[in-house]
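Student: Contents of protein36.pdb (PDB, C-alpha atoms) are below:
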MODEL        1
ATOM      1  CA  MET A   1      42.224 256.987  62.909
ATOM      2  CA  SER A   2      43.800 256.216  59.544
ATOM      3  CA  ILE A   3      43.807 253.030  57.494
ATOM      4  CA  THR A   4      46.616 252.106  55.151
ATOM      5  CA  LYS A   5      45.677 251.812  51.481
ATOM      6  CA  PRO A   6      47.703 250.930  48.370
ATOM      7  CA  SER A   7      49.778 253.706  46.827
ATOM      8  CA  GLU A   8      48.633 255.288  43.560
ATOM      9  CA  SER A   9      50.494 256.783  40.625
ATOM     10  CA  SER A  10      53.028 259.419  41.576
ATOM     11  CA  GLY A  11      52.965 263.041  40.450
ATOM     12  CA  LYS A  12      52.522 266.578  41.698
ATOM     13  CA  PHE A  13      49.849 269.252  41.668
ATOM     14  CA  ILE A  14      49.863 272.205  39.262
ATOM     15  CA  SER A  15      51.888 275.356  39.807
ATOM     16  CA  ASP A  16      51.319 277.345  36.593
ATOM     17  CA  VAL A  17      48.073 277.632  34.672
ATOM     18  CA  PHE A  18      47.891 279.667  31.465
ATOM     19  CA  ALA A  19      44.273 280.255  30.510
ATOM     20  CA  SER A  20      41.881 282.563  28.715
ATOM     21  CA  SER A  21      38.128 282.889  28.902
ATOM     22  CA  ARG A  22      37.890 281.186  25.485
ATOM     23  CA  GLY A  23      39.285 277.762  24.667
ATOM     24  CA  ILE A  24      42.485 277.167  26.666
ATOM     25  CA  GLU A  25      45.440 274.861  26.700
ATOM     26  CA  ILE A  26      46.755 273.815  30.092
ATOM     27  CA  VAL A  27      50.542 273.946  30.183
ATOM     28  CA  LEU A  28      52.060 271.795  32.909
ATOM     29  CA  SER A  29      55.511 270.527  33.687
ATOM     30  CA  SER A  30      55.998 266.753  33.658
ATOM     31  CA  LYS A  31      55.868 266.640  37.473
ATOM     32  CA  GLU A  32      52.748 268.765  37.851
ATOM     33  CA  ARG A  33      50.016 266.737  36.166
ATOM     34  CA  PHE A  34      48.600 264.840  39.101
ATOM     35  CA  LEU A  35      45.680 267.103  40.013
ATOM     36  CA  LEU A  36      44.217 267.498  36.528
ATOM     37  CA  SER A  37      44.874 264.018  35.194
ATOM     38  CA  THR A  38      43.829 262.059  38.263
ATOM     39  CA  TYR A  39      41.441 264.157  40.304
ATOM     40  CA  LEU A  40      40.264 267.637  39.307
ATOM     41  CA  LEU A  41      39.370 267.042  35.656
ATOM     42  CA  PRO A  42      39.471 263.282  35.020
ATOM     43  CA  SER A  43      38.302 263.724  31.410
ATOM     44  CA  PHE A  44      41.107 266.130  30.542
ATOM     45  CA  HIS A  45      43.710 264.890  28.069
ATOM     46  CA  PHE A  46      47.111 266.511  28.178
ATOM     47  CA  TYR A  47      48.497 268.408  25.210
ATOM     48  CA  LYS A  48      44.985 268.949  23.849
ATOM     49  CA  THR A  49      42.841 272.075  23.849
ATOM     50  CA  LYS A  50      39.775 271.865  26.070
ATOM     51  CA  GLU A  51      36.880 274.279  26.542
ATOM     52  CA  LEU A  52      36.566 275.174  30.229
ATOM     53  CA  THR A  53      33.913 277.232  31.964
ATOM     54  CA  ASN A  54      34.885 280.527  33.552
ATOM     55  CA  GLY A  55      34.291 278.895  36.933
ATOM     56  CA  GLU A  56      36.746 276.080  36.182
ATOM     57  CA  ILE A  57      39.328 278.582  34.965
ATOM     58  CA  GLU A  58      39.040 280.631  38.155
ATOM     59  CA  GLU A  59      39.228 277.479  40.258
ATOM     60  CA  LEU A  60      42.438 276.425  38.532
ATOM     61  CA  LYS A  61      43.951 279.861  39.063
ATOM     62  CA  GLU A  62      42.980 279.831  42.741
ATOM     63  CA  LEU A  63      44.288 276.314  43.299
ATOM     64  CA  SER A  64      47.637 277.194  41.794
ATOM     65  CA  LYS A  65      48.216 279.662  44.662
ATOM     66  CA  ASP A  66      48.508 276.825  47.183
ATOM     67  CA  LYS A  67      50.256 274.147  45.164
ATOM     68  CA  GLU A  68      52.366 273.102  48.165
ATOM     69  CA  GLY A  69      49.232 272.444  50.199
ATOM     70  CA  LEU A  70      47.652 270.507  47.354
ATOM     71  CA  ASP A  71      50.839 268.547  46.837
ATOM     72  CA  TYR A  72      50.859 267.658  50.534
ATOM     73  CA  ALA A  73      47.197 266.571  50.361
ATOM     74  CA  SER A  74      48.067 264.362  47.405
ATOM     75  CA  LYS A  75      50.844 262.633  49.313
ATOM     76  CA  LEU A  76      48.542 262.037  52.286
ATOM     77  CA  LEU A  77      45.742 260.492  50.256
ATOM     78  CA  LYS A  78      48.022 258.254  48.211
ATOM     79  CA  THR A  79      49.096 256.290  51.271
ATOM     80  CA  ARG A  80      46.296 256.251  53.845
ATOM     81  CA  LEU A  81      42.548 256.561  54.315
ATOM     82  CA  TYR A  82      42.293 259.281  56.927
ATOM     83  CA  SER A  83      39.221 260.090  58.988
ATOM     84  CA  PRO A  84      37.728 263.570  58.366
ATOM     85  CA  VAL A  85      39.041 264.779  61.732
ATOM     86  CA  LYS A  86      42.543 263.426  61.147
ATOM     87  CA  LEU A  87      42.733 264.695  57.562
ATOM     88  CA  LYS A  88      41.761 268.217  58.632
ATOM     89  CA  GLU A  89      44.381 268.108  61.391
ATOM     90  CA  LYS A  90      47.046 267.060  58.896
ATOM     91  CA  LEU A  91      46.059 269.697  56.333
ATOM     92  CA  LYS A  92      45.811 272.447  58.940
ATOM     93  CA  GLY A  93      49.474 272.086  59.772
ATOM     94  CA  LYS A  94      50.643 272.429  56.153
ATOM     95  CA  CYS A  95      48.039 274.318  54.090
ATOM     96  CA  SER A  96      47.337 278.048  54.163
ATOM     97  CA  ASN A  97      43.637 277.423  53.493
ATOM     98  CA  TYR A  98      43.121 273.889  54.740
ATOM     99  CA  LEU A  99      39.306 273.999  54.926
ATOM    100  CA  ARG A 100      39.011 275.086  51.286
ATOM    101  CA  ILE A 101      41.331 272.294  50.234
ATOM    102  CA  TYR A 102      39.457 269.773  52.403
ATOM    103  CA  ASN A 103      36.104 270.819  50.908
ATOM    104  CA  LEU A 104      37.587 270.530  47.410
ATOM    105  CA  LEU A 105      38.834 267.015  48.138
ATOM    106  CA  VAL A 106      35.353 266.002  49.304
ATOM    107  CA  GLU A 107      33.483 267.811  46.513
ATOM    108  CA  LYS A 108      35.593 266.272  43.739
ATOM    109  CA  GLU A 109      35.448 262.871  45.502
ATOM    110  CA  ILE A 110      39.219 262.931  45.713
ATOM    111  CA  TYR A 111      38.820 262.109  49.396
ATOM    112  CA  ASP A 112      36.538 259.071  49.462
ATOM    113  CA  ILE A 113      34.730 259.227  52.805
ATOM    114  CA  ALA A 114      32.575 256.242  51.851
ATOM    115  CA  LEU A 115      35.667 254.111  51.311
ATOM    116  CA  TYR A 116      37.013 255.212  54.699
ATOM    117  CA  VAL A 117      33.742 254.336  56.457
ATOM    118  CA  SER A 118      33.513 250.931  54.765
ATOM    119  CA  SER A 119      37.133 250.093  55.596
ATOM    120  CA  PHE A 120      36.717 251.318  59.186
ATOM    121  CA  ILE A 121      33.644 249.129  59.728
ATOM    122  CA  ASP A 122      35.434 246.040  58.361
ATOM    123  CA  TYR A 123      38.521 246.747  60.476
ATOM    124  CA  GLN A 124      36.584 247.252  63.715
ATOM    125  CA  LYS A 125      34.373 244.216  63.122
ATOM    126  CA  GLU A 126      37.444 242.043  62.706
ATOM    127  CA  ARG A 127      38.562 243.271  66.119
ATOM    128  CA  GLY A 128      35.197 242.342  67.631
ATOM    129  CA  TYR A 129      33.657 245.779  68.193
ATOM    130  CA  SER A 130      29.863 246.066  68.422
ATOM    131  CA  SER A 131      27.825 248.002  65.845
ATOM    132  CA  SER A 132      26.914 250.722  68.352
ATOM    133  CA  SER A 133      30.558 251.157  69.319
ATOM    134  CA  ILE A 134      31.655 251.395  65.665
ATOM    135  CA  LYS A 135      28.985 254.008  64.934
ATOM    136  CA  SER A 136      30.037 256.040  67.973
ATOM    137  CA  ASP A 137      33.680 255.918  66.878
ATOM    138  CA  LEU A 138      32.788 257.050  63.350
ATOM    139  CA  LEU A 139      30.964 260.077  64.756
ATOM    140  CA  LYS A 140      34.023 260.922  66.849
ATOM    141  CA  GLU A 141      36.160 260.663  63.716
ATOM    142  CA  GLY A 142      34.058 263.374  62.074
ATOM    143  CA  VAL A 143      31.861 261.282  59.773
ATOM    144  CA  ASP A 144      28.394 262.782  59.264
ATOM    145  CA  GLU A 145      25.543 260.700  60.684
ATOM    146  CA  ILE A 146      23.768 260.763  57.301
ATOM    147  CA  ILE A 147      26.760 259.002  55.720
ATOM    148  CA  ILE A 148      26.891 256.472  58.556
ATOM    149  CA  GLU A 149      23.198 255.673  58.036
ATOM    150  CA  GLU A 150      23.978 254.711  54.442
ATOM    151  CA  PHE A 151      26.093 251.909  55.910
ATOM    152  CA  SER A 152      23.471 250.740  58.427
ATOM    153  CA  SER A 153      23.031 247.386  56.679
ATOM    154  CA  LYS A 154      26.794 246.830  56.657
ATOM    155  CA  LEU A 155      26.957 247.704  60.350
ATOM    156  CA  GLU A 156      24.316 245.098  61.122
ATOM    157  CA  GLU A 157      25.875 242.365  58.987
ATOM    158  CA  GLU A 158      26.740 239.234  60.916
ATOM    159  CA  LYS A 159      30.164 239.381  62.474
ATOM    160  CA  ILE A 160      31.963 236.938  64.751
ATOM    161  CA  PRO A 161      29.298 235.712  67.212
ATOM    162  CA  LEU A 162      29.923 237.102  70.677
ATOM    163  CA  SER A 163      30.056 233.598  72.144
ATOM    164  CA  GLU A 164      32.899 232.708  69.744
ATOM    165  CA  LEU A 165      34.700 235.935  70.583
ATOM    166  CA  ALA A 166      34.456 235.166  74.303
ATOM    167  CA  GLN A 167      35.739 231.639  73.668
ATOM    168  CA  LYS A 168      38.674 233.108  71.748
ATOM    169  CA  TYR A 169      39.591 235.295  74.721
ATOM    170  CA  LEU A 170      39.261 232.339  77.084
ATOM    171  CA  GLU A 171      41.984 230.578  75.100
ATOM    172  CA  LYS A 172      44.093 233.733  75.245
ATOM    173  CA  TYR A 173      43.813 233.920  79.040
ATOM    174  CA  SER A 174      44.198 230.171  79.599
ATOM    175  CA  SER A 175      47.155 230.701  81.943
ATOM    176  CA  GLU A 176      44.827 232.381  84.464
ATOM    177  CA  SER A 177      42.263 230.826  86.767
ATOM    178  CA  LEU A 178      38.821 230.432  85.191
ATOM    179  CA  ASN A 179      37.288 233.174  87.339
ATOM    180  CA  LYS A 180      40.109 235.576  86.595
ATOM    181  CA  SER A 181      39.862 234.741  82.891
ATOM    182  CA  LYS A 182      36.154 235.566  82.972
ATOM    183  CA  ASP A 183      36.871 238.877  84.695
ATOM    184  CA  LYS A 184      39.360 239.797  81.977
ATOM    185  CA  ILE A 185      36.939 238.721  79.238
ATOM    186  CA  ARG A 186      34.172 240.812  80.826
ATOM    187  CA  VAL A 187      36.387 243.920  80.884
ATOM    188  CA  LYS A 188      37.502 243.333  77.285
ATOM    189  CA  LEU A 189      33.967 242.882  75.960
ATOM    190  CA  MET A 190      32.813 245.994  77.823
ATOM    191  CA  SER A 191      35.576 247.967  76.087
ATOM    192  CA  LEU A 192      34.253 246.682  72.739
ATOM    193  CA  GLY A 193      30.837 248.198  73.462
ATOM    194  CA  TYR A 194      28.746 245.156  74.432
ATOM    195  CA  SER A 195      25.972 245.396  77.027
ATOM    196  CA  PRO A 196      26.151 243.649  80.445
ATOM    197  CA  LEU A 197      23.399 241.225  79.372
ATOM    198  CA  GLU A 198      25.197 240.298  76.138
ATOM    199  CA  ILE A 199      28.424 239.756  78.059
ATOM    200  CA  SER A 200      26.722 237.656  80.728
ATOM    201  CA  ASN A 201      25.152 235.388  78.086
ATOM    202  CA  ALA A 202      28.499 235.025  76.322
ATOM    203  CA  LEU A 203      30.291 234.093  79.550
ATOM    204  CA  ASN A 204      27.621 231.527  80.388
ATOM    205  CA  SER A 205      28.160 229.909  76.988
ATOM    206  CA  LEU A 206      31.901 229.395  77.502
ATOM    207  CA  VAL A 207      33.113 225.859  77.002
ATOM    208  CA  VAL A 208      36.125 224.854  79.063
ATOM    209  CA  SER A 209      37.854 221.874  77.467
ATOM    210  CA  SER A 210      39.541 219.183  79.540
ATOM    211  CA  LYS A 211      42.876 220.458  78.268
ATOM    212  CA  ASP A 212      42.023 223.988  79.364
ATOM    213  CA  GLU A 213      40.985 222.680  82.770
ATOM    214  CA  GLU A 214      44.296 220.866  83.152
ATOM    215  CA  VAL A 215      46.261 224.003  82.288
ATOM    216  CA  ILE A 216      44.180 226.130  84.653
ATOM    217  CA  GLN A 217      44.540 223.635  87.512
ATOM    218  CA  LYS A 218      48.284 223.348  86.962
ATOM    219  CA  LYS A 219      48.668 227.130  87.135
ATOM    220  CA  LYS A 220      46.650 227.212  90.353
ATOM    221  CA  ASP A 221      48.744 224.482  91.965
ATOM    222  CA  GLU A 222      51.964 226.215  90.978
ATOM    223  CA  TYR A 223      50.767 229.518  92.412
ATOM    224  CA  LEU A 224      49.617 227.967  95.687
ATOM    225  CA  LEU A 225      52.892 226.118  96.188
ATOM    226  CA  ARG A 226      55.023 229.126  95.267
ATOM    227  CA  THR A 227      53.084 231.423  97.594
ATOM    228  CA  TYR A 228      53.136 228.940 100.471
ATOM    229  CA  ARG A 229      56.902 228.422 100.245
ATOM    230  CA  SER A 230      57.477 232.164 100.126
ATOM    231  CA  LEU A 231      55.430 232.684 103.288
ATOM    232  CA  LEU A 232      57.209 229.857 105.083
ATOM    233  CA  THR A 233      60.368 231.919 104.776
ATOM    234  CA  SER A 234      58.957 235.385 105.385
ATOM    235  CA  GLU A 235      56.302 234.715 108.039
ATOM    236  CA  LYS A 236      57.196 232.559 111.052
ATOM    237  CA  ASP A 237      53.901 232.933 112.899
ATOM    238  CA  PRO A 238      51.731 229.978 111.714
ATOM    239  CA  LEU A 239      48.411 231.775 112.191
ATOM    240  CA  LYS A 240      49.509 234.943 110.370
ATOM    241  CA  ARG A 241      51.056 232.826 107.641
ATOM    242  CA  LYS A 242      47.804 230.954 106.999
ATOM    243  CA  ARG A 243      45.800 234.186 106.974
ATOM    244  CA  LYS A 244      48.168 235.826 104.487
ATOM    245  CA  PHE A 245      48.176 232.718 102.325
ATOM    246  CA  TYR A 246      44.391 232.519 102.311
ATOM    247  CA  LEU A 247      43.970 236.189 101.375
ATOM    248  CA  ARG A 248      46.508 236.051  98.547
ATOM    249  CA  ALA A 249      45.008 232.891  97.069
ATOM    250  CA  TYR A 250      41.466 234.216  97.415
ATOM    251  CA  GLN A 251      42.454 237.406  95.580
ATOM    252  CA  ARG A 252      43.524 235.185  92.679
ATOM    253  CA  LYS A 253      39.948 233.881  92.497
ATOM    254  CA  ILE A 254      40.874 230.498  93.963
ATOM    255  CA  SER A 255      37.969 229.003  95.897
ATOM    256  CA  SER A 256      37.995 228.590  99.677
ATOM    257  CA  GLU A 257      37.638 224.828  99.275
ATOM    258  CA  GLU A 258      40.757 224.599  97.096
ATOM    259  CA  ILE A 259      42.750 226.784  99.489
ATOM    260  CA  LEU A 260      41.778 224.750 102.545
ATOM    261  CA  ASN A 261      42.486 221.444 100.776
ATOM    262  CA  PHE A 262      45.953 222.688  99.862
ATOM    263  CA  LEU A 263      46.673 223.701 103.470
ATOM    264  CA  LYS A 264      45.565 220.267 104.667
ATOM    265  CA  GLU A 265      47.994 218.667 102.216
ATOM    266  CA  GLN A 266      50.742 220.755 103.838
ATOM    267  CA  ASN A 267      49.716 219.382 107.264
ATOM    268  CA  GLU A 268      48.431 222.764 108.377
ATOM    269  CA  ASP A 269      45.630 222.976 110.916
ATOM    270  CA  VAL A 270      42.517 224.435 109.282
TER
ENDMDL
END
So that I can check it, write out the structure of this file as structure tokens.

Tutor:
Amino acid sequence: MSITKPSESSGKFISDVFASSRGIEIVLSSKERFLLSTYLLPSFHFYKTKELTNGEIEELKELSKDKEGLDYASKLLKTRLYSPVKLKEKLKGKCSNYLRIYNLLVEKEIYDIALYVSSFIDYQKERGYSSSSIKSDLLKEGVDEIIIEEFSSKLEEEKIPLSELAQKYLEKYSSESLNKSKDKIRVKLMSLGYSPLEISNALNSLVVSSKDEEVIQKKKDEYLLRTYRSLLTSEKDPLKRKRKFYLRAYQRKISSEEILNFLKEQNEDV
């Protein structure tokens, strides 16, 4: 999964590095300053001589061999917060040594895993996912469990109460019968990672307003009438017609009492 983030300053990674084991001056074209200025050596000031360690010099030389891969990584990270799994997949397709580049991005904190985790938790909570479900998804996205544990307090922070979430879905499914709405809510909450007990308590707390009841009843009446008229045309045998009508209405979670009352109103023998 990836999360959109604001774009940063444009630029490209280095291609040519001229260095010596003593003090060096980095010579870059105007389009190739992005790595040093923004990520690799944040304290470096262009057009000035800077003492670098032998290790830094060798790293710069090695990085310059895969400037296209580094440039691609830059473009990826300027637009989205990728999960570790997704970022590796993206880099693998474009970089000759994608794991080395990935490790560099993490080591230099160019790729901010913590920011990804924090954003992911906020995003999933807004959608109603449970803490256990969010943690499971983060593990699938390649985030180390140690990092996830650092966000344990954030995971447990109060989110939308489950009862409110269930009520929200009831409004969404208001065109259905109450029983069918509850079935849909149950399935939805299960997909969000809530336990059967939590879901049962949430469903028991649902408040059906008089307006909701009117809408639900109207939908039921319309369905019953539409189905009955259809069967009057397609099924001439009265007994078979009543059986078919009963089964269809019952499958829509309409109670036996409501079905029988409707048939009586149509002057059917019940």

Student: Specify as an NGL selection string each residue included when the PyMOL selection byres ((chain A and resi 190) around 12) is applied to this file.

Tutor: :A and (128-130 or 133 or 162 or 166 or 183-189 or 191-200 or 202)

Student: If you apply the PyMOL selection byres ((chain A and resi 97) around 12) to this file, what residues do you get, as a VMD selection string?

Tutor: chain A and resid 62 to 63 65 to 70 73 88 91 to 96 98 to 104

Student: Do a neighbour search on region 146-153 of chain A at 10 Å with only C-alpha atoms, toss out local chain neighbours closer than 3 positions, and write the hits as an mmCIF file with C-alpha atoms, keeping the file's coordinate frame.

Tutor:
data_model
loop_
_atom_site.group_PDB
_atom_site.id
_atom_site.type_symbol
_atom_site.label_atom_id
_atom_site.label_comp_id
_atom_site.auth_asym_id
_atom_site.auth_seq_id
_atom_site.Cartn_x
_atom_site.Cartn_y
_atom_site.Cartn_z
ATOM 1 C CA ILE A 113 34.730 259.227 52.805
ATOM 2 C CA ALA A 114 32.575 256.242 51.851
ATOM 3 C CA VAL A 117 33.742 254.336 56.457
ATOM 4 C CA SER A 118 33.513 250.931 54.765
ATOM 5 C CA ILE A 121 33.644 249.129 59.728
ATOM 6 C CA SER A 131 27.825 248.002 65.845
ATOM 7 C CA ILE A 134 31.655 251.395 65.665
ATOM 8 C CA LYS A 135 28.985 254.008 64.934
ATOM 9 C CA SER A 136 30.037 256.040 67.973
ATOM 10 C CA LEU A 138 32.788 257.050 63.350
ATOM 11 C CA LEU A 139 30.964 260.077 64.756
ATOM 12 C CA VAL A 143 31.861 261.282 59.773
ATOM 13 C CA GLU A 156 24.316 245.098 61.122
ATOM 14 C CA GLU A 157 25.875 242.365 58.987
ATOM 15 C CA GLU A 158 26.740 239.234 60.916
#

Student: Please write as a ChimeraX atom specification the full residue list that the PyMOL selection byres ((chain A and resi 169) around 9) yields on this file.

Tutor: /A:164-168,170-174,181-182,184-185,188

Student: Restricting the calculation to all atoms listed in the file: of A:Tyr250, A:Tyr82, A:Tyr123, A:Tyr111, which residue gets closest to Glu141 (chain A)?

Tutor: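 Counting all atoms listed in the file, the residue closest to Glu141 (chain A) is A:Tyr82.
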
Student: Kindly give the distance, in Å, that separates CA of Lys154 (chain A) and CA of Lys90 (chain A), rounded to a single decimal.

Tutor: 28.7 Å

Student: Around all listed atoms of region 87-93 of chain A, padded 3 Å per side, what centre and edge lengths does the axis-aligned box have in Å to one decimal, as AutoDock Vina command-line options?

Tutor:
--center_x 45.6 --center_y 268.6 --center_z 58.9 --size_x 13.7 --size_y 13.8 --size_z 11.1

Student: What's the separation between CA of Lys125 (chain A) and CA of Asp112 (chain A), in Å to one decimal place?

Tutor: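 Answer for the CA of Lys125 (chain A) to CA of Asp112 (chain A) separation: 20.3 Å.
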
Student: Which of these, A:Arg252, A:Lys242, A:Lys140, A:Lys218, has the shortest distance to Lys264 (chain A) once you count only C-alpha atoms?

Tutor: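 Closest to Lys264 (chain A) of all the choices is A:Lys242.
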
Student: Would you compute the distance between CA of Leu178 (chain A) and CA of Lys220 (chain A)? Give it in Å to one decimal.

Tutor: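 Rounded to one decimal, the two atoms are 9.9 Å apart.
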
Student: Which neighbours of Thr227 (chain A) fall inside 12 Å, counting all atoms listed in the file, when residues of the same chain fewer than 2 positions from it are skipped, and could you give them as a list of chain:residue names?

Tutor: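 Non-adjacent residues within range: A:Lys220, A:Asp221, A:Glu222, A:Tyr223, A:Leu224, A:Leu225, A:Arg229, A:Ser230, A:Leu231, A:Leu232, A:Thr233, A:Ser234, A:Glu235, A:Arg241, A:Lys242, A:Lys244, A:Phe245, A:Tyr246, A:Leu247, A:Arg248, A:Ala249, A:Tyr250, A:Arg252, A:Ile259, A:Phe262, A:Leu263.
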